[in-house]
Amino acid sequence: MKRLTLRLAGAFLALMMLPAALSAQSDLTEQLREKTREYFQAHRYEDYLAWLNGLRKEKDLSEEQKLSVDYYSALAKSRYLEYLEQNEDWAKYYELYHQLDQEIIAAAEAIVATYPVSDLVVDSQYLAWQARLREDESEAADAAFDKLSALIIDLTTTTGDLTKFRETASALSRRSRNAELNVLFDRFTESIEESADGKESVEMLAELAAGYLDEGNTETAKTIYRHYIELAARRYPKPESLEKIKAVADRFRHKGLKPDLDAVFAEEVYTEIDGYDPGFISGRDSFRRAFNLEVTSDFNRAVQEYRNFLKTSEPGIMSAEANVRLGNIAFYEERDPEAGLVYYEKVISDYPDTIYADFCSYETGVYYQWRDQLEPAREHYNRLADGEGLYAVAARERLEEMQQEESLPSGIIRPLELLFSMEDLSSVIMSLEAIPPRALTGSEVVLSGSAQDFSAGTIQPQFNYEWFRETGTEVPETNATNFTTTYPVPGPKPVCFSIQAMDGEEVICRWPWIHLLRISVPEKQVVSQAVEFKAELLPAFDAEELDWVWKIEGPIKLFNGTREFSRVFESSGIYAGELTLLLDGAVVASRKFEFEITE
Amino acid sequence: MKITKIISICLLVAVSGCARVQPVRQQEQKEVSIRQLEDGDYRMFVKGKPFVVKGVCYAPVPIGKSHLYNFMCDQAKPWMTDGELMQDMGINTIRLYHSGDQPAMCRQMIEDLYTNYGIYTILGHDLGFWDYPPPNYADEEFLEQVTADVLKMVEFFKDTPGILMWNLGNENNYSFDGRLNPWSSPEIEAMESFREKSEARARMYYTFVNDLALEIKKIDPNHLVSLGNGETVGLRMAADYSPDVDLLGCIVYRGKVFGNFFKEVRRKFDKPVVLTEFGCDAYNAKRDEEDQNNQALYLKSQWEDMEKNMAGGKGSGNCLGGAIFEWTDEWWKTSESDRDSWHVHDTTAGWGVGAYAFDAEAGKNMNEEWFGIIALSPELEDGLNKRTPRKAYFVLREMWTAEEDKPKEKKD
């Protein structure tokens, strides 16, 4: 509508033959925009340039109008080169680009020198910078970018409108120009520093970052958050500033059932907080940070944080998990079984009725049995043998073997031998990933191993993969580097794979953690009586962070958003329910159930 | 003893004095030579003029054929079409892995490339490493056979216009640890440690290469002899046991730049080096699609790093150039035994190098069938698979056809 009005106005003024330069300019701009759309859509860049060339030669064009034509000409040349690049028409591209770039630069520099700052000026400078980059003129490109960023900041602070800023930042991000993106945000941060807006302008940065994060542009979001953190630390009083910064880390850290956005960046932010106040991360936050470190395989620092958690928290179920994790790291990563057993013993004595204690008893028993210390092995198995479940069954099997003086099955004994009997390690680097590292019983877990010999140069040896211990419901094929499995029983699951390296064999272990989502609803209930709905997650999980959403459908429908609730049903019938667990709004798990209400 | 010392010192002073006005070591009489300059840098000369190897590995196997196909006998003469494209790009050298089973045809190709396009050839011999029966460098009979074969090759080709150098071996050093093409002897087997065994193999192999180099020089004093190594594995041993080779021919894949490679060669071997293979594939294993941009970016960066390490550059001054791996894609490589697959441009990555960051996440990210800077298509033009230069071709063309003697940044 606006376009039409302008065109009509332009036409009217032309008819009246009034020398209205401003309207003539608007009319020409509009005409250029329309032609640009038309020709660009059809990728007719050469035709468009010829048309612009003709227009430029018209006698009655003002100097200002000529510059507009020059801008569109530069834009068309730039787009033409991009088009050739996208279509990999390299012969044409390399034939043309030097000449076109020189023309783009000349036109853009004339526009920037003539006009006050505006969208057109910023866009022209952007084209000039791009041309300098294509020409590989690094100093001139740097200077062009300096000018570009100064113009953008000038425009943004003058108009208070972030549009051009966002547009440019997105373009830089798309092109992976991270160094320039940083410079732009540095300058923007400096300009906010100089302004007296206080917290408002700081939050503008957070909003900008969150927008990119929501779009899935994590890299740009991280760049902006880095600047935000720097400013938040200065503009907010403590501890508010540190809470603000921690909230950024929490967005990125690993949360178990939900894949992390960037666990390494989360740790970078936690480290930043340490710089401001080394004691600020404590208690439950230490556990979260330790878990985040663990999934990035930074085991030394994960150990420090789990210990910090144990020191700064009240004993509870999370303490049991922290001790198990410390034991596993000592056992499998540091290859120090004696240290690992100390943690396991603590769990057995302090948290005897948990699945963690069962896991620790069994693992300790296996270790002693492997060392031929049969008495302590028997003691640990006996603790489990009368019970039910996976560890009870396994403990009975081990006791029977000892009774018949048989040795441990190879699937159990082999990883231990490779872990604790080998002295020399070769140049092979191995890794094992469990995705997700935490999952529910019955849901899929992908286990992937990889090995690479960095001393072997271009000719890598063919490694043979063998999988051991708790591989779940799947028996991986010989030499499979990855497989998908499920686990019917909750608890930590040691999974190992070995490869044959040049001077022996190597083994690596990880333990996906499997959780049981237990829903407790009576199968039959009568009308007018309260029905109790309960759910729990085993072993302990950071349940506080989850949203528990119950959806029930039948003669009546209902929703509930708490972990436990009760409800009286006045209508009989079959009801179908579903409990969904959400983390930061994303579904991480769900379970269905059914119950009946009778008269 | 004292007199000897004094004479030595006098000689040393005299040589140092000369070094101010001319290079320390010269081999002027040779058609191809290497000189060590006053500052210790190395430079190659061909017919008396400085020469940087701007090369490409050449094995233009057509779609549907395998490495068993002898392209040198192809009536369509692919090297004539390729030679024109190469000349346009500024290529001055090809690397041939072997001379094939029809040496006369190979000689014709080498001569054609030189006469028509000024392109030289690095002619290789793998010293039986990739042949059947498998190699055994501890077996005298095997060594005699290989020696006879190599000398026959040198004798046949030494006067062919366009020969640049002889490259002995092709990653044979990867057999020292017994993992690739393992070979042994009772003497080696009697050794206890893995390290002793590995060093014994290196000693035997490098001694053999040195003997061979000396024999070649007796027949052909005009061309260089290089030791064809994979990476820097075993190089310290090579310094002790292959002192008579002229240079190192090395296969290196280290991503965008070569890191400490040139320094390491200086430290361990101190002879100049031609990279007999370097490069980047044009397939992105992470995104599962062709990726010409990263191939071009990596090759550009690799060449810039090589330039930095050439004579007069800021680096180690021991790089003489190199041969990009490779000219055209080779569609047979993934499944050598499956003939049907030779018609398919397979996207399976065969091995992994984390330094190729753009697709390192895929683990195995090196796609053997996609290393060409020229893509092939099944469509035929003049009896050959149509050749389409990839972006890397044009990027390198800009670098390789730029002014020859552009001033280089001086050392700090």
# chains A, B, ... in the order shown; residues from 1 in each chain; ligands from 1

$ closest_atom_pairs --of "chain B" --to "chain A" --cutoff "8 Å" --atoms "only C-alpha atoms" --output "CSV"
residue,atom,partner,partner_atom,distance
B:Tyr174,CA,A:Ala456,CA,7.2
B:Asp177,CA,A:Met502,CA,7.6
B:Arg179,CA,A:Pro461,CA,6.8
B:Leu180,CA,A:Pro461,CA,7.5
B:Phe194,CA,A:Asp503,CA,7.4
B:Gly230,CA,A:Gly457,CA,6.9
B:Glu231,CA,A:Gly457,CA,6.1
B:Val233,CA,A:Ser455,CA,7.7
B:Val252,CA,A:Thr458,CA,7.7
B:Tyr253,CA,A:Thr458,CA,7.0
B:Trp351,CA,A:Gln460,CA,6.7
B:Gly352,CA,A:Gln452,CA,7.7
B:Gly363,CA,A:Ser450,CA,7.7
B:Pro389,CA,A:Trp90,CA,7.9
B:Arg390,CA,A:Trp90,CA,7.2
B:Lys391,CA,A:Trp90,CA,5.8
B:Phe394,CA,A:Tyr94,CA,6.8

$ residues_around --residues "Pro186 of chain B" --least-positions-apart "4" --cutoff "10 Å" --atoms "only C-alpha atoms" --output "MDAnalysis selection string"
chainID B and resid 138 190:191

$ write_last_selection --atoms "N, CA and C atoms" --output "compact mmCIF listing (two decimals), in the first residue's frame"
# COMPACT_ATOMS: atom_id res chain seq x y z
N ALA B 138 64.42 -57.67 4.66
CA ALA B 138 65.46 -58.43 5.35
C ALA B 138 65.92 -59.59 4.47
N ALA B 190 64.12 -62.56 16.96
CA ALA B 190 64.85 -62.90 18.19
C ALA B 190 64.89 -61.72 19.16
N MET B 191 64.59 -60.56 18.67
CA MET B 191 64.64 -59.38 19.54
C MET B 191 63.45 -59.38 20.48

$ closest_residue --among "B:Ala323, B:Leu85, B:Ala213, B:Ala285" --to "Asp346 of chain B" --atoms "only C-alpha atoms"
B:Ala285

$ residues_around --residues "segment 202-218 of chain A" --least-positions-apart "2" --cutoff "9 Å" --atoms "only C-alpha atoms" --output "list in words"
Arg166, Ser170, Ser173, Arg174, Thr189, Ile192, Asp197, Gly198, Lys199, Glu200, Thr220, Ala221, Lys222, Thr223, Ile224, Tyr225, His227, Tyr228, Leu231, Ala232, Arg235, Leu261 and Asp262 of chain A

$ residues_around --residues "Ala239 of chain B" --least-positions-apart "2" --cutoff "8 Å" --atoms "only C-alpha atoms" --output "short mmCIF file (atom, residue, chain, number, x, y, z; two decimals) with N, CA, C and O atoms, in the first residue's frame"
data_model
loop_
_atom_site.label_atom_id
_atom_site.label_comp_id
_atom_site.auth_asym_id
_atom_site.auth_seq_id
_atom_site.Cartn_x
_atom_site.Cartn_y
_atom_site.Cartn_z
N LEU B 235 62.18 -41.02 10.87
CA LEU B 235 63.07 -40.07 10.20
C LEU B 235 64.44 -39.95 10.86
O LEU B 235 65.45 -39.75 10.19
N ARG B 236 64.45 -40.05 12.17
CA ARG B 236 65.73 -39.96 12.88
C ARG B 236 66.67 -41.10 12.44
O ARG B 236 67.87 -40.92 12.25
N MET B 237 66.09 -42.27 12.25
CA MET B 237 66.87 -43.42 11.77
C MET B 237 67.32 -43.17 10.33
O MET B 237 68.44 -43.52 9.95
N TYR B 241 70.95 -43.65 8.42
CA TYR B 241 71.16 -44.75 7.47
C TYR B 241 70.86 -44.41 6.01
O TYR B 241 71.13 -45.22 5.13
N SER B 242 70.28 -43.24 5.74
CA SER B 242 70.08 -42.83 4.34
C SER B 242 70.70 -41.44 4.12
O SER B 242 70.02 -40.51 3.67
N PRO B 243 71.99 -41.28 4.41
CA PRO B 243 72.57 -39.94 4.30
C PRO B 243 72.79 -39.50 2.85
O PRO B 243 73.01 -38.31 2.60
N LYS B 268 65.44 -33.53 12.60
CA LYS B 268 65.73 -34.96 12.55
C LYS B 268 66.51 -35.38 11.32
O LYS B 268 67.22 -36.37 11.37
N PHE B 269 66.35 -34.67 10.21
CA PHE B 269 66.89 -35.18 8.95
C PHE B 269 67.79 -34.17 8.26
O PHE B 269 68.72 -34.54 7.57
N ASP B 270 67.47 -32.92 8.42
CA ASP B 270 68.17 -31.79 7.79
C ASP B 270 68.51 -32.00 6.32
O ASP B 270 69.65 -31.84 5.90
#

$ residues_around --residues "Glu406 of chain A" --least-positions-apart "3" --cutoff "12 Å" --atoms "only C-alpha atoms" --output "list in words"
Gln369, Trp370, Asp372, Leu374, Glu397, Arg398, Leu399, Glu400, Glu401, Met402, Gln403, Pro409 and Ser410 of chain A

$ write_last_selection --atoms "N, CA, C and O atoms" --output "mmCIF file, in the first residue's frame"
data_model
loop_
_atom_site.group_PDB
_atom_site.id
_atom_site.type_symbol
_atom_site.label_atom_id
_atom_site.label_comp_id
_atom_site.auth_asym_id
_atom_site.auth_seq_id
_atom_site.Cartn_x
_atom_site.Cartn_y
_atom_site.Cartn_z
ATOM 1 N N GLN A 369 36.752 -60.673 43.545
ATOM 2 C CA GLN A 369 36.784 -62.007 42.922
ATOM 3 C C GLN A 369 37.873 -62.074 41.856
ATOM 4 O O GLN A 369 38.607 -63.048 41.754
ATOM 5 N N TRP A 370 37.986 -61.010 41.067
ATOM 6 C CA TRP A 370 39.016 -60.961 40.021
ATOM 7 C C TRP A 370 40.420 -61.026 40.655
ATOM 8 O O TRP A 370 41.335 -61.632 40.112
ATOM 9 N N ASP A 372 41.102 -62.676 43.219
ATOM 10 C CA ASP A 372 41.167 -63.938 43.971
ATOM 11 C C ASP A 372 41.049 -63.731 45.478
ATOM 12 O O ASP A 372 41.515 -64.549 46.264
ATOM 13 N N LEU A 374 38.570 -64.131 47.719
ATOM 14 C CA LEU A 374 37.215 -64.678 47.647
ATOM 15 C C LEU A 374 36.350 -64.343 48.862
ATOM 16 O O LEU A 374 35.133 -64.207 48.732
ATOM 17 N N GLU A 397 24.779 -65.675 40.690
ATOM 18 C CA GLU A 397 25.592 -66.345 39.650
ATOM 19 C C GLU A 397 27.062 -66.377 40.052
ATOM 20 O O GLU A 397 27.747 -67.376 39.914
ATOM 21 N N ARG A 398 27.527 -65.249 40.560
ATOM 22 C CA ARG A 398 28.946 -65.161 40.951
ATOM 23 C C ARG A 398 29.229 -66.116 42.120
ATOM 24 O O ARG A 398 30.253 -66.797 42.125
ATOM 25 N N LEU A 399 28.290 -66.191 43.085
ATOM 26 C CA LEU A 399 28.490 -67.084 44.235
ATOM 27 C C LEU A 399 28.568 -68.541 43.782
ATOM 28 O O LEU A 399 29.385 -69.318 44.257
ATOM 29 N N GLU A 400 27.714 -68.862 42.825
ATOM 30 C CA GLU A 400 27.699 -70.233 42.308
ATOM 31 C C GLU A 400 29.024 -70.563 41.627
ATOM 32 O O GLU A 400 29.582 -71.648 41.793
ATOM 33 N N GLU A 401 29.538 -69.576 40.855
ATOM 34 C CA GLU A 401 30.828 -69.802 40.192
ATOM 35 C C GLU A 401 31.922 -70.082 41.226
ATOM 36 O O GLU A 401 32.760 -70.962 41.040
ATOM 37 N N MET A 402 31.890 -69.295 42.280
ATOM 38 C CA MET A 402 32.934 -69.467 43.295
ATOM 39 C C MET A 402 32.814 -70.832 43.961
ATOM 40 O O MET A 402 33.796 -71.483 44.260
ATOM 41 N N GLN A 403 31.529 -71.231 44.186
ATOM 42 C CA GLN A 403 31.266 -72.531 44.788
ATOM 43 C C GLN A 403 31.886 -73.643 43.935
ATOM 44 O O GLN A 403 32.480 -74.569 44.429
ATOM 45 N N PRO A 409 33.224 -64.929 34.219
ATOM 46 C CA PRO A 409 33.002 -64.972 32.760
ATOM 47 C C PRO A 409 33.892 -63.941 32.062
ATOM 48 O O PRO A 409 34.206 -62.899 32.639
ATOM 49 N N SER A 410 34.257 -64.245 30.799
ATOM 50 C CA SER A 410 35.231 -63.386 30.110
ATOM 51 C C SER A 410 34.710 -61.956 29.925
ATOM 52 O O SER A 410 35.488 -61.007 29.923
#

$ atom_distance --atom1 "atom CA of Ser26 of chain A" --atom2 "atom CA of Tyr72 of chain A"
14.2 Å

$ select_by_dssp --residues "segment 77-300 of chain B" --states "strand (DSSP E or B)" --output "MDAnalysis selection string"
chainID B and resid 93:96 120:125 163:168 224:230 247:251 273:278 283:284 289:290

$ atom_distance --atom1 "atom CA of Thr160 of chain B" --atom2 "atom CA of Glu215 of chain B"
18.8 Å

$ closest_residue --among "A:Asn178, A:Thr473, A:Gln41, A:Ser241" --to "Tyr83 of chain A" --atoms "only C-alpha atoms"
A:Gln41

$ atom_distance --atom1 "atom CA of Ser301 of chain B" --atom2 "atom CA of Ile104 of chain A"
26.5 Å

$ select_by_dssp --residues "segment 150-380 of chain A" --states "alpha helix (DSSP H)" --output "ChimeraX atom specification"
/A:150-159,163-174,178-194,199-215,218-235,240-252,263-276,284-295,299-312,317-328,337-350,355-370,374-380

$ residues_around --residues "Ile152 of chain A" --least-positions-apart "6" --cutoff "12 Å" --atoms "only C-alpha atoms" --output "number ranges by chain"
A: 117-126, 145-146, 158-169, 183-185, 187-188, 191

$ closest_residue --among "A:Glu375, A:Asn182, A:Leu148, A:Cys496" --to "Glu219 of chain A" --atoms "only C-alpha atoms"
A:Asn182

$ closest_residue --among "A:Pro337, A:Pro436, A:Gly389, A:Pro476" --to "Leu416 of chain A" --atoms "only C-alpha atoms"
A:Pro337

$ residues_around --residues "Phe541 of chain A" --least-positions-apart "6" --cutoff "12 Å" --atoms "only C-alpha atoms" --output "PyMOL selection string"
chain A and resi 255-257+284+287-288+291+316-322+438-440+490-491+513-517

$ decode --residues "segment 277-347 of chain A" --atoms "C-alpha atoms" --output "tab-separated table (two decimals), in the first residue's frame"
chain	number	residue	atom	x	y	z
A	277	ASP	CA	33.78	-15.27	43.61
A	278	PRO	CA	35.43	-18.70	43.96
A	279	GLY	CA	32.89	-19.87	46.54
A	280	PHE	CA	29.75	-18.85	44.67
A	281	ILE	CA	29.17	-22.20	42.95
A	282	SER	CA	28.35	-24.58	45.75
A	283	GLY	CA	25.82	-27.15	46.89
A	284	ARG	CA	23.53	-28.48	44.18
A	285	ASP	CA	25.14	-26.18	41.61
A	286	SER	CA	28.43	-27.95	42.22
A	287	PHE	CA	26.80	-31.28	41.38
A	288	ARG	CA	25.39	-29.81	38.17
A	289	ARG	CA	28.74	-28.38	37.24
A	290	ALA	CA	30.52	-31.65	38.04
A	291	PHE	CA	28.08	-33.61	35.87
A	292	ASN	CA	28.63	-31.09	33.08
A	293	LEU	CA	32.40	-31.58	33.40
A	294	GLU	CA	32.01	-35.34	33.46
A	295	VAL	CA	30.16	-35.46	30.15
A	296	THR	CA	32.93	-33.41	28.55
A	297	SER	CA	35.45	-35.97	29.92
A	298	ASP	CA	37.18	-33.39	32.13
A	299	PHE	CA	37.40	-35.92	34.93
A	300	ASN	CA	39.96	-34.18	37.15
A	301	ARG	CA	37.81	-31.11	37.54
A	302	ALA	CA	34.64	-33.18	37.77
A	303	VAL	CA	36.16	-34.89	40.81
A	304	GLN	CA	36.90	-31.51	42.41
A	305	GLU	CA	33.32	-30.35	41.89
A	306	TYR	CA	31.72	-33.57	43.19
A	307	ARG	CA	33.88	-33.20	46.30
A	308	ASN	CA	32.84	-29.56	46.56
A	309	PHE	CA	29.22	-30.68	46.34
A	310	LEU	CA	29.69	-33.24	49.14
A	311	LYS	CA	31.36	-30.62	51.30
A	312	THR	CA	28.73	-27.92	50.82
A	313	SER	CA	25.51	-30.00	50.82
A	314	GLU	CA	23.42	-31.83	53.35
A	315	PRO	CA	23.74	-35.62	52.92
A	316	GLY	CA	20.97	-37.04	50.74
A	317	ILE	CA	20.34	-39.22	47.76
A	318	MET	CA	22.38	-36.91	45.52
A	319	SER	CA	25.35	-37.48	47.84
A	320	ALA	CA	25.06	-41.22	47.14
A	321	GLU	CA	25.12	-40.55	43.42
A	322	ALA	CA	28.11	-38.20	43.77
A	323	ASN	CA	30.03	-40.90	45.64
A	324	VAL	CA	29.22	-43.52	43.01
A	325	ARG	CA	30.39	-41.16	40.29
A	326	LEU	CA	33.59	-40.42	42.19
A	327	GLY	CA	34.14	-44.15	42.63
A	328	ASN	CA	33.59	-44.81	38.92
A	329	ILE	CA	35.98	-42.06	37.88
A	330	ALA	CA	38.65	-43.39	40.23
A	331	PHE	CA	38.03	-46.95	39.08
A	332	TYR	CA	37.76	-46.53	35.33
A	333	GLU	CA	39.35	-43.21	34.42
A	334	GLU	CA	42.13	-42.89	36.95
A	335	ARG	CA	42.61	-46.66	37.05
A	336	ASP	CA	42.97	-46.52	40.80
A	337	PRO	CA	40.67	-49.31	42.05
A	338	GLU	CA	41.66	-48.96	45.70
A	339	ALA	CA	40.51	-45.32	45.69
A	340	GLY	CA	37.33	-46.32	43.87
A	341	LEU	CA	36.50	-48.97	46.46
A	342	VAL	CA	36.67	-46.37	49.25
A	343	TYR	CA	33.86	-44.40	47.62
A	344	TYR	CA	31.84	-47.57	46.96
A	345	GLU	CA	32.21	-48.64	50.62
A	346	LYS	CA	30.94	-45.24	51.73
A	347	VAL	CA	27.82	-45.65	49.62
